[in-house]
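J.: File name input-v4.txt; file contents compact mmCIF, C-alpha atoms; full text below.
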# COMPACT_ATOMS: atom_id res chain seq x y z
CA PHE T 1 9.15 35.28 -37.81
CA VAL T 2 11.86 37.63 -39.13
CA THR T 3 14.74 39.60 -37.71
CA ILE T 4 16.93 42.31 -39.25
CA PHE T 5 20.73 42.04 -39.09
CA ASP T 6 22.89 44.72 -40.76
CA GLY T 7 19.91 45.74 -42.87
CA ILE T 8 19.32 42.17 -44.07
CA ILE T 9 15.97 40.55 -43.32
CA ILE T 10 16.53 37.05 -41.99
CA SER T 11 13.67 34.59 -41.73
CA MET T 12 13.71 32.61 -38.50
CA PRO T 13 11.71 29.46 -37.75
CA LEU T 14 8.95 29.79 -35.18
CA VAL T 15 9.79 26.39 -33.69
CA SER T 16 13.04 24.53 -33.11
CA VAL T 17 12.50 20.79 -32.90
CA ILE T 18 15.29 18.97 -31.07
CA ILE T 19 15.68 15.19 -31.33
CA PRO T 20 18.25 14.02 -28.75
CA ASN T 21 19.10 10.42 -29.61
CA TYR T 22 20.95 7.65 -27.85
CA ASN T 23 20.79 4.07 -29.08
CA HIS T 24 17.29 4.32 -30.59
CA ALA T 25 18.05 3.39 -34.19
CA LYS T 26 14.98 1.16 -34.51
CA PHE T 27 12.69 4.07 -33.60
CA LEU T 28 14.48 6.93 -35.39
CA ASN T 29 12.80 6.78 -38.79
CA GLN T 30 9.35 6.86 -37.23
CA ARG T 31 10.36 9.67 -34.87
CA ILE T 32 11.98 11.89 -37.51
CA ASP T 33 9.26 11.29 -40.09
CA SER T 34 6.53 12.14 -37.56
CA VAL T 35 8.25 15.51 -37.10
CA LEU T 36 8.86 16.22 -40.78
CA ASN T 37 5.25 15.35 -41.66
CA GLN T 38 3.69 17.92 -39.33
CA THR T 39 0.82 20.00 -40.71
CA PHE T 40 2.63 23.06 -39.30
CA GLN T 41 5.88 23.48 -41.21
CA ASP T 42 7.59 26.63 -39.87
CA PHE T 43 10.29 24.79 -37.94
CA GLU T 44 13.92 23.73 -38.00
CA LEU T 45 15.06 20.27 -36.96
CA ILE T 46 18.14 19.73 -34.80
CA ILE T 47 19.33 16.13 -34.42
CA LEU T 48 21.75 15.23 -31.65
CA ASP T 49 23.41 11.85 -31.11
CA ASP T 50 25.21 11.01 -27.87
CA LYS T 51 27.65 8.49 -29.41
CA SER T 52 25.12 5.71 -29.95
CA PRO T 53 26.64 2.21 -30.17
CA ASP T 54 23.89 1.01 -32.55
CA HIS T 55 23.39 2.06 -36.19
CA SER T 56 21.69 5.36 -35.32
CA LEU T 57 24.17 7.36 -37.40
CA GLU T 58 23.20 5.43 -40.54
CA ILE T 59 19.57 6.47 -39.98
CA ILE T 60 20.47 10.09 -39.19
CA GLU T 61 22.66 10.27 -42.30
CA GLN T 62 19.54 9.71 -44.43
CA TYR T 63 18.25 13.14 -43.38
CA LYS T 64 21.43 15.24 -43.56
CA ASN T 65 20.33 17.04 -46.75
CA HIS T 66 16.71 17.57 -45.77
CA PRO T 67 15.90 21.32 -45.92
CA LYS T 68 14.34 21.26 -42.45
CA VAL T 69 17.47 19.86 -40.80
CA SER T 70 19.59 22.77 -39.58
CA HIS T 71 22.05 20.87 -37.36
CA ILE T 72 23.28 17.34 -36.86
CA VAL T 73 25.61 17.08 -33.88
CA VAL T 74 27.31 13.78 -33.03
CA ASN T 75 29.23 13.54 -29.77
CA GLU T 76 32.67 11.94 -29.90
CA ILE T 77 32.30 10.92 -26.24
CA ASN T 78 29.02 9.94 -24.56
CA GLY T 79 27.87 12.80 -22.33
CA GLY T 80 25.98 10.52 -20.00
CA SER T 81 23.04 12.89 -19.49
CA THR T 82 19.82 13.60 -21.33
CA PHE T 83 19.77 17.06 -19.77
CA ILE T 84 23.19 17.99 -21.18
CA GLN T 85 21.81 17.16 -24.62
CA TRP T 86 18.69 19.23 -24.02
CA ASN T 87 20.77 22.27 -23.08
CA ARG T 88 23.03 21.79 -26.09
CA GLY T 89 20.07 21.57 -28.45
CA VAL T 90 18.35 24.66 -27.06
CA ALA T 91 21.62 26.64 -27.34
CA LEU T 92 21.60 25.89 -31.09
CA ALA T 93 17.90 26.66 -31.52
CA LYS T 94 16.73 29.74 -33.42
CA GLY T 95 13.01 29.29 -32.81
CA GLU T 96 10.81 31.10 -30.30
CA TRP T 97 9.31 27.75 -29.26
CA ILE T 98 11.20 24.54 -28.43
CA TRP T 99 10.00 20.97 -28.87
CA LEU T 100 12.14 18.24 -27.29
CA ALA T 101 11.00 15.33 -29.44
CA GLU T 102 12.55 12.32 -27.73
CA SER T 103 14.01 9.82 -30.17
CA ASP T 104 11.93 6.81 -29.12
CA ASP T 105 8.54 8.58 -29.20
CA TYR T 106 6.35 9.76 -32.09
CA CYS T 107 3.27 11.92 -32.62
CA GLU T 108 0.20 12.82 -34.63
CA PRO T 109 0.68 15.11 -37.67
CA ASN T 110 -1.26 17.96 -36.02
CA PHE T 111 0.75 18.00 -32.79
CA LEU T 112 2.61 21.27 -33.46
CA GLU T 113 -0.41 22.97 -35.02
CA THR T 114 -2.53 22.20 -31.95
CA MET T 115 0.11 23.19 -29.39
CA LEU T 116 0.92 26.48 -31.10
CA ALA T 117 -2.77 27.37 -31.37
CA ILE T 118 -3.00 27.16 -27.57
CA GLY T 119 -0.09 29.58 -27.24
CA GLN T 120 -1.55 31.91 -29.84
CA ASP T 121 -4.95 32.01 -28.12
CA HIS T 122 -3.36 32.62 -24.71
CA PRO T 123 -0.20 34.80 -24.97
CA SER T 124 0.59 34.33 -21.25
CA ILE T 125 1.36 30.65 -21.90
CA GLY T 126 5.02 29.67 -22.15
CA VAL T 127 4.56 25.91 -21.74
CA ALA T 128 1.92 23.75 -23.44
CA PHE T 129 1.49 20.00 -23.59
CA ALA T 130 -0.84 17.34 -24.96
CA ASN T 131 -2.26 14.14 -23.59
CA SER T 132 -0.39 10.97 -24.55
CA HIS T 133 -0.95 7.39 -25.59
CA PHE T 134 1.37 4.90 -23.90
CA VAL T 135 2.88 2.31 -26.22
CA ASP T 136 5.42 -0.50 -25.90
CA THR T 137 8.46 -1.20 -28.05
CA HIS T 138 6.26 -2.43 -30.90
CA GLY T 139 3.83 0.50 -30.75
CA THR T 140 1.09 -1.51 -29.04
CA PHE T 141 -1.12 0.50 -26.69
CA ILE T 142 -0.50 -0.17 -22.98
CA HIS T 143 -1.76 1.19 -19.66
CA ASN T 144 0.21 4.06 -18.13
CA PRO T 145 3.13 2.19 -16.49
CA TYR T 146 3.74 5.06 -14.04
CA SER T 147 0.28 5.02 -12.48
CA ASP T 148 -1.66 2.60 -10.29
CA PRO T 149 -4.56 1.03 -12.26
CA ALA T 150 -6.58 0.89 -9.03
CA VAL T 151 -6.38 4.67 -8.59
CA PRO T 152 -8.81 6.76 -10.71
CA GLU T 153 -7.28 9.13 -13.25
CA ASP T 154 -6.99 12.75 -12.16
CA PRO T 155 -10.10 14.57 -13.50
CA GLN T 156 -7.94 17.68 -14.00
CA PHE T 157 -6.60 16.12 -17.20
CA ALA T 158 -9.88 14.84 -18.61
CA SER T 159 -10.41 18.06 -20.57
CA SER T 160 -8.26 20.84 -21.99
CA PHE T 161 -7.38 23.79 -19.76
CA VAL T 162 -5.23 26.87 -19.19
CA ALA T 163 -3.74 27.33 -15.71
CA LYS T 164 -1.67 29.85 -13.78
CA GLY T 165 1.82 28.38 -13.64
CA LYS T 166 2.71 29.05 -10.01
CA GLU T 167 -0.68 27.87 -8.72
CA PHE T 168 -0.41 24.67 -10.77
CA CYS T 169 3.08 24.03 -9.38
CA GLY T 170 1.73 24.31 -5.85
CA LYS T 171 -1.10 21.88 -6.56
CA TYR T 172 1.16 19.31 -8.26
CA ILE T 173 4.40 19.90 -6.38
CA LEU T 174 4.97 16.14 -5.99
CA SER T 175 4.18 15.44 -9.63
CA PRO T 176 6.39 15.75 -12.73
CA ILE T 177 3.50 17.86 -14.20
CA ILE T 178 4.54 16.80 -17.69
CA GLY T 179 5.41 13.11 -17.73
CA ASN T 180 7.00 13.04 -21.18
CA ALA T 181 9.03 15.84 -22.77
CA SER T 182 7.88 14.81 -26.25
CA SER T 183 4.33 15.89 -25.37
CA ALA T 184 5.29 19.53 -24.71
CA ILE T 185 6.54 22.72 -26.29
CA PHE T 186 7.94 25.71 -24.41
CA LYS T 187 9.32 29.17 -25.09
CA LYS T 188 13.08 29.37 -25.35
CA GLU T 189 13.19 32.60 -23.32
CA VAL T 190 11.50 30.89 -20.35
CA PHE T 191 13.96 27.97 -20.54
CA GLU T 192 16.86 30.41 -20.56
CA LYS T 193 15.38 32.36 -17.64
CA ILE T 194 15.74 29.30 -15.37
CA GLY T 195 19.25 28.53 -16.60
CA GLY T 196 18.21 25.46 -18.59
CA ALA T 197 17.90 21.88 -17.39
CA ASP T 198 19.84 20.93 -14.25
CA ILE T 199 22.64 18.64 -15.42
CA ASN T 200 23.45 17.63 -11.84
CA LEU T 201 20.23 15.60 -11.68
CA LYS T 202 20.32 12.10 -13.12
CA LEU T 203 16.60 11.37 -13.33
CA CYS T 204 14.33 14.23 -12.26
CA GLY T 205 15.85 17.11 -14.20
CA ASP T 206 12.68 17.30 -16.29
CA TRP T 207 10.51 17.48 -13.13
CA LYS T 208 12.55 20.41 -11.88
CA MET T 209 12.60 22.08 -15.31
CA TRP T 210 8.82 22.08 -15.76
CA HIS T 211 8.22 23.41 -12.24
CA GLU T 212 10.87 26.10 -12.53
CA MET T 213 9.56 27.31 -15.88
CA LEU T 214 5.99 27.45 -14.58
CA LEU T 215 7.07 29.80 -11.82
CA HIS T 216 7.53 32.33 -14.65
CA THR T 217 4.74 31.51 -17.09
CA ASP T 218 1.31 29.93 -17.53
CA LEU T 219 0.44 26.43 -18.69
CA GLY T 220 -1.76 25.16 -21.51
CA TYR T 221 -3.02 21.60 -21.93
CA SER T 222 -4.81 19.71 -24.70
CA ALA T 223 -6.71 16.59 -23.65
CA GLU T 224 -6.39 15.28 -27.20
CA LYS T 225 -3.91 12.39 -27.33
CA LEU T 226 -1.41 13.68 -29.86
CA ASN T 227 1.76 12.13 -28.47
CA TYR T 228 2.90 8.50 -28.31
CA PHE T 229 5.08 7.87 -25.24
CA ARG T 230 7.08 4.68 -25.62
CA HIS T 231 7.80 2.62 -22.53
CA HIS T 232 10.56 0.03 -22.69
CA THR T 233 13.37 -1.41 -20.62
CA ASN T 234 16.05 0.93 -22.00
CA ASN T 235 14.58 4.27 -21.02
CA VAL T 236 16.19 6.29 -18.24
CA ARG T 237 13.49 5.85 -15.61
CA SER T 238 13.60 2.08 -16.05
CA THR T 239 17.37 1.82 -15.59
CA LYS T 240 18.11 4.49 -12.96
CA GLY T 241 14.83 4.87 -11.10
CA ALA T 242 15.47 3.26 -7.74
CA LYS T 243 18.95 4.67 -7.28
CA TYR T 244 18.17 8.35 -7.83
CA PHE T 245 14.43 8.92 -7.83
CA LEU T 246 13.50 9.49 -4.18
CA TYR T 247 16.51 11.64 -3.31
CA GLU T 248 16.04 13.92 -6.31
CA LEU T 249 12.28 14.19 -5.83
CA VAL T 250 12.64 15.13 -2.15
CA LYS T 251 15.36 17.68 -2.90
CA ILE T 252 13.35 19.32 -5.68
CA THR T 253 10.23 19.48 -3.50
CA PHE T 254 11.93 21.13 -0.54
CA ASP T 255 13.66 23.61 -2.86
CA LEU T 256 10.26 24.52 -4.32
CA TYR T 257 8.93 25.21 -0.81
CA LEU T 258 11.07 28.36 -0.90
CA LYS T 259 9.57 29.53 -4.19
CA ILE T 260 5.89 28.56 -4.02
CA PRO T 261 3.59 30.19 -1.43
CA LEU T 262 2.22 27.08 0.31
CA ASN T 263 0.40 27.37 3.62
CA ALA T 264 1.20 25.23 6.68
CA LYS T 265 -1.56 22.73 5.92
CA GLU T 266 -0.40 22.19 2.34
CA LYS T 267 3.20 21.67 3.47
CA SER T 268 2.08 19.22 6.14
CA GLN T 269 0.08 17.22 3.60
CA ASN T 270 3.03 17.11 1.22
CA ASN T 271 5.39 16.09 4.03
CA GLU T 272 3.06 13.23 4.95
CA LYS T 273 3.09 12.05 1.34
CA ILE T 274 6.88 12.26 1.26
CA PHE T 275 7.06 10.24 4.48
CA ARG T 276 4.86 7.50 3.02
CA MET T 277 7.00 7.42 -0.11
CA TRP T 278 10.07 7.10 2.10
CA VAL T 279 8.46 4.18 3.98
CA PHE T 280 7.65 2.45 0.69
CA TRP T 281 11.11 2.88 -0.84
CA MET T 282 12.96 1.95 2.35
CA GLY T 283 10.71 -1.04 2.84
CA LYS T 284 10.44 -2.41 -0.70
CA ARG T 285 13.51 -1.18 -2.58
CA ARG T 286 16.12 -0.33 0.02
CA SER T 287 18.65 -2.74 -1.49
CA GLU T 288 18.61 -0.81 -4.77
CA ILE T 289 19.56 2.50 -3.13
CA PRO T 290 23.20 3.01 -2.06
CA LYS T 291 23.60 3.54 1.69
CA ASN T 292 25.10 7.02 1.28
CA ILE T 293 22.03 8.11 -0.71
CA GLN T 294 19.74 6.54 1.90
CA LEU T 295 21.46 8.70 4.51
CA LYS T 296 21.16 11.82 2.34
CA ILE T 297 17.43 11.22 1.94
CA PHE T 298 16.94 10.71 5.68
CA LEU T 299 18.85 13.87 6.61
CA LEU T 300 17.13 15.94 3.93
CA ILE T 301 13.66 15.00 5.16
CA LEU T 302 14.71 15.44 8.80
CA GLN T 303 15.95 18.97 8.10
CA ASN T 304 12.76 20.05 6.32
CA ASP T 305 9.98 18.19 8.16
CA PHE T 306 10.03 18.82 11.91
CA LEU T 307 7.42 16.05 12.38
CA PHE T 308 9.49 13.43 10.58
CA LEU T 309 10.64 11.59 13.73
CA TRP T 310 7.09 11.68 15.07
CA ARG T 311 5.81 10.15 11.83
CA ILE T 312 8.39 7.37 12.18
CA ALA T 313 7.36 6.70 15.78
CA ARG T 314 3.66 6.71 14.83
CA TRP T 315 4.01 4.40 11.84
CA PRO T 316 4.24 0.99 13.64
CA LEU T 317 1.06 1.73 15.57
CA GLU T 318 -0.79 2.82 12.44
CA LYS T 319 0.39 -0.29 10.61
CA SER T 320 -0.71 -2.54 13.49
CA ILE T 321 -4.19 -1.00 13.51
CA LYS T 322 -4.52 -1.50 9.75
CA ASN T 323 -3.45 -5.14 10.07
CA LEU T 324 -5.94 -5.68 12.87
CA ILE T 325 -8.79 -4.19 10.83
CA HIS T 326 -7.78 -6.30 7.84
CA PHE T 327 -7.63 -9.45 10.01
CA LYS T 328 -11.16 -8.84 11.31
The structure in this file should be written as structure tokens.
T.:
Amino acid sequence: FVTIFDGIIISMPLVSVIIPNYNHAKFLNQRIDSVLNQTFQDFELIILDDKSPDHSLEIIEQYKNHPKVSHIVVNEINGGSTFIQWNRGVALAKGEWIWLAESDDYCEPNFLETMLAIGQDHPSIGVAFANSHFVDTHGTFIHNPYSDPAVPEDPQFASSFVAKGKEFCGKYILSPIIGNASSAIFKKEVFEKIGGADINLKLCGDWKMWHEMLLHTDLGYSAEKLNYFRHHTNNVRSTKGAKYFLYELVKITFDLYLKIPLNAKEKSQNNEKIFRMWVFWMGKRRSEIPKNIQLKIFLLILQNDFLFLWRIARWPLEKSIKNLIHFK
């Protein structure tokens, strides 16, 4: 699209693609090339590096003169947060749409073309995402590592759809909605409306970001698997999950209670799910969570779920009955 400044017509890219990198040198060529080889070409590419200790800068240097690359920003000191990098990249972006193309993922050549077509067909959409393949470090297909193989996949995502943002948030309030930033595009104006990504969150800033944006816009989804989400031991959820996950999830959920019109039954169902998550984490992974964060989680749930103590008192009896049934 174009804008006029002092009588001069300036051509602006429709999409700003942001690649925030940290220590992913071995994936960078594949990532960057999968962006540059898109069938839709009206975009700028912004590459950020958060002081990677590997040879990432040597890879990035190969692209410094590429006409699509508008910015290369290398931090002198590691910022310590993916969400700081996201905000920095969006601040530089000139496009109407933003694509946070994580440095260890890659995509099909028609990713942007397909995502933008959804937005064009449905102007109310400000966030759109595609289905993903899960791959390991070597690009080999794997099962979704964040789901239970024994639990059937949600039929909601078996086919493409358009949904009202606020209603979708209410239905999936305990879900990240979009599990991988690389699979999504969003409008810059919606991102700015929510004040960007929350840099105070260590792990679930993306969960909060998607929910907050969808309070202001609608959602589009393509069931076509156009994104390749890489799972490996160095990603953030693998290294920080136990320490931060439950506290941040609970805090985000209770904050959303004030913004999404849930009825008493829906809140009760969500509170029961939160309680069962708390039982699991305190039972299986307590040692990984600092005691001060354990206390914060307990107090947060206690303040927002008036049945919390009753659920705790009920749990031993429920567990005993289950064990008895299993024994029989």
J.: Residues near Ala117 of chain T, anyone? I mean within 12 Å using only C-alpha atoms, not counting same-chain ones fewer than 2 positions away, as a list in words.
T.: Phe40, Asn110, Phe111, Leu112, Glu113, Thr114, Met115, Gly119, Gln120, Asp121, His122, Pro123, Ile125, Ala128, Phe129, Ile185, Gly220, Tyr221 and Ser222 of chain T
J.: In terms of the shortest atom-to-atom distance over only C-alpha atoms, which of T:Ala91, T:Ile47, T:Ile199, T:Ile173 is closest to Leu214 of chain T?
T.: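 Closest to Leu214 of chain T of all the choices is T:Ile173.
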J.: Considering all atoms listed in the file, can you say which of T:Val135, T:Met209, T:Leu246, T:Cys107 comes closest to Glu288 of chain T?
T.: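 Smallest separation from Glu288 of chain T among the options: T:Leu246.
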J.: If we draw a sphere of 12 Å around (5.7, 21.5, -36.8), which residues have at least one atom in it when counting only C-alpha atoms? Please report them as an MDAnalysis selection string.
T.: chainID T and resid 13:18 32:45 68 95 97:101 107:117 185
J.: I need the chosen residues saved as a short mmCIF file (atom, residue, chain, number, x, y, z; two decimals), keeping the file's coordinate frame, with C-alpha atoms.
T.:
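Final output, saved to again30.cif:
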data_model
loop_
_atom_site.label_atom_id
_atom_site.label_comp_id
_atom_site.auth_asym_id
_atom_site.auth_seq_id
_atom_site.Cartn_x
_atom_site.Cartn_y
_atom_site.Cartn_z
CA PRO T 13 11.71 29.46 -37.75
CA LEU T 14 8.95 29.79 -35.18
CA VAL T 15 9.79 26.39 -33.69
CA SER T 16 13.04 24.53 -33.11
CA VAL T 17 12.50 20.79 -32.90
CA ILE T 18 15.29 18.97 -31.07
CA ILE T 32 11.98 11.89 -37.51
CA ASP T 33 9.26 11.29 -40.09
CA SER T 34 6.53 12.14 -37.56
CA VAL T 35 8.25 15.51 -37.10
CA LEU T 36 8.86 16.22 -40.78
CA ASN T 37 5.25 15.35 -41.66
CA GLN T 38 3.69 17.92 -39.33
CA THR T 39 0.82 20.00 -40.71
CA PHE T 40 2.63 23.06 -39.30
CA GLN T 41 5.88 23.48 -41.21
CA ASP T 42 7.59 26.63 -39.87
CA PHE T 43 10.29 24.79 -37.94
CA GLU T 44 13.92 23.73 -38.00
CA LEU T 45 15.06 20.27 -36.96
CA LYS T 68 14.34 21.26 -42.45
CA GLY T 95 13.01 29.29 -32.81
CA TRP T 97 9.31 27.75 -29.26
CA ILE T 98 11.20 24.54 -28.43
CA TRP T 99 10.00 20.97 -28.87
CA LEU T 100 12.14 18.24 -27.29
CA ALA T 101 11.00 15.33 -29.44
CA CYS T 107 3.27 11.92 -32.62
CA GLU T 108 0.20 12.82 -34.63
CA PRO T 109 0.68 15.11 -37.67
CA ASN T 110 -1.26 17.96 -36.02
CA PHE T 111 0.75 18.00 -32.79
CA LEU T 112 2.61 21.27 -33.46
CA GLU T 113 -0.41 22.97 -35.02
CA THR T 114 -2.53 22.20 -31.95
CA MET T 115 0.11 23.19 -29.39
CA LEU T 116 0.92 26.48 -31.10
CA ALA T 117 -2.77 27.37 -31.37
CA ILE T 185 6.54 22.72 -26.29
#
J.: As JSON, please report the centre and edge lengths, rounded to one decimal in Å, of the axis-aligned box that holds all listed atoms of segment 105-120 of chain T with 3 Å of padding on each of the six sides.
T.:
{"center_x": 2.8, "center_y": 20.2, "center_z": -32.5, "size_x": 17.5, "size_y": 29.3, "size_z": 16.4}
J.: Given the choices T:Tyr244, T:Lys171, T:Asp206, T:Arg285, which gets closest to Leu262 of chain T if the distance is worked out from all atoms listed in the file?
T.: T:Lys171
J.: Measuring atom to atom with all atoms listed in the file, identify which of T:Asn200, T:Thr217, T:Ser132, T:Ser268 is nearest to Ile84 of chain T.
T.: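 The closest residue to Ile84 of chain T is T:Asn200.
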J.: Pick the closest to Ile77 of chain T from T:Thr137, T:Asn180, T:Asn271, T:Ser52: which is it, counting all atoms listed in the file?
T.: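 Using all atoms listed in the file, Ile77 of chain T sits closest to T:Ser52.
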J.: Any idea what the distance is between atom CA of Phe280 of chain T and atom CA of Ile301 of chain T?
T.: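 These two atoms are separated by 14.6 Å.
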J.: Skipping near chain neighbours, those fewer than 6 positions away, what residues fall within 12 Å of Phe141 of chain T using only C-alpha atoms, listed as an NGL selection string?
T.: :T and (132-135 or 228-231)
J.: Would you export the selected residues with C-alpha atoms as an mmCIF file, in the coordinates of the input, please?
T.:
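What ended up in again.cif:
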data_model
loop_
_atom_site.group_PDB
_atom_site.id
_atom_site.type_symbol
_atom_site.label_atom_id
_atom_site.label_comp_id
_atom_site.auth_asym_id
_atom_site.auth_seq_id
_atom_site.Cartn_x
_atom_site.Cartn_y
_atom_site.Cartn_z
ATOM 1 C CA SER T 132 -0.390 10.970 -24.550
ATOM 2 C CA HIS T 133 -0.950 7.390 -25.590
ATOM 3 C CA PHE T 134 1.370 4.900 -23.900
ATOM 4 C CA VAL T 135 2.880 2.310 -26.220
ATOM 5 C CA TYR T 228 2.900 8.500 -28.310
ATOM 6 C CA PHE T 229 5.080 7.870 -25.240
ATOM 7 C CA ARG T 230 7.080 4.680 -25.620
ATOM 8 C CA HIS T 231 7.800 2.620 -22.530
#
J.: How far is it from atom CA of His216 of chain T to atom CA of Ser159 of chain T, in Å with one decimal?
T.: 23.7 Å
J.: From the list T:Val69, T:Ala313, T:Val74, T:Met282, which residue is nearest Pro53 of chain T when using only C-alpha atoms?
T.: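 Closest candidate: T:Val74.
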J.: Excluding Leu300 of chain T and residues on its chain fewer than 6 positions from it, collect all residues at most 10 Å away from it, counting only C-alpha atoms, and give them as a list in words.
T.: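 Non-adjacent residues within range: Tyr247, Val250, Lys251, Phe254 and Gln294 of chain T.
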J.: Within 12 Å of (2.7, 3.2, 9.5), only C-alpha atoms: residues as number ranges by chain?
T.: T: 272, 275-280, 283, 310-323
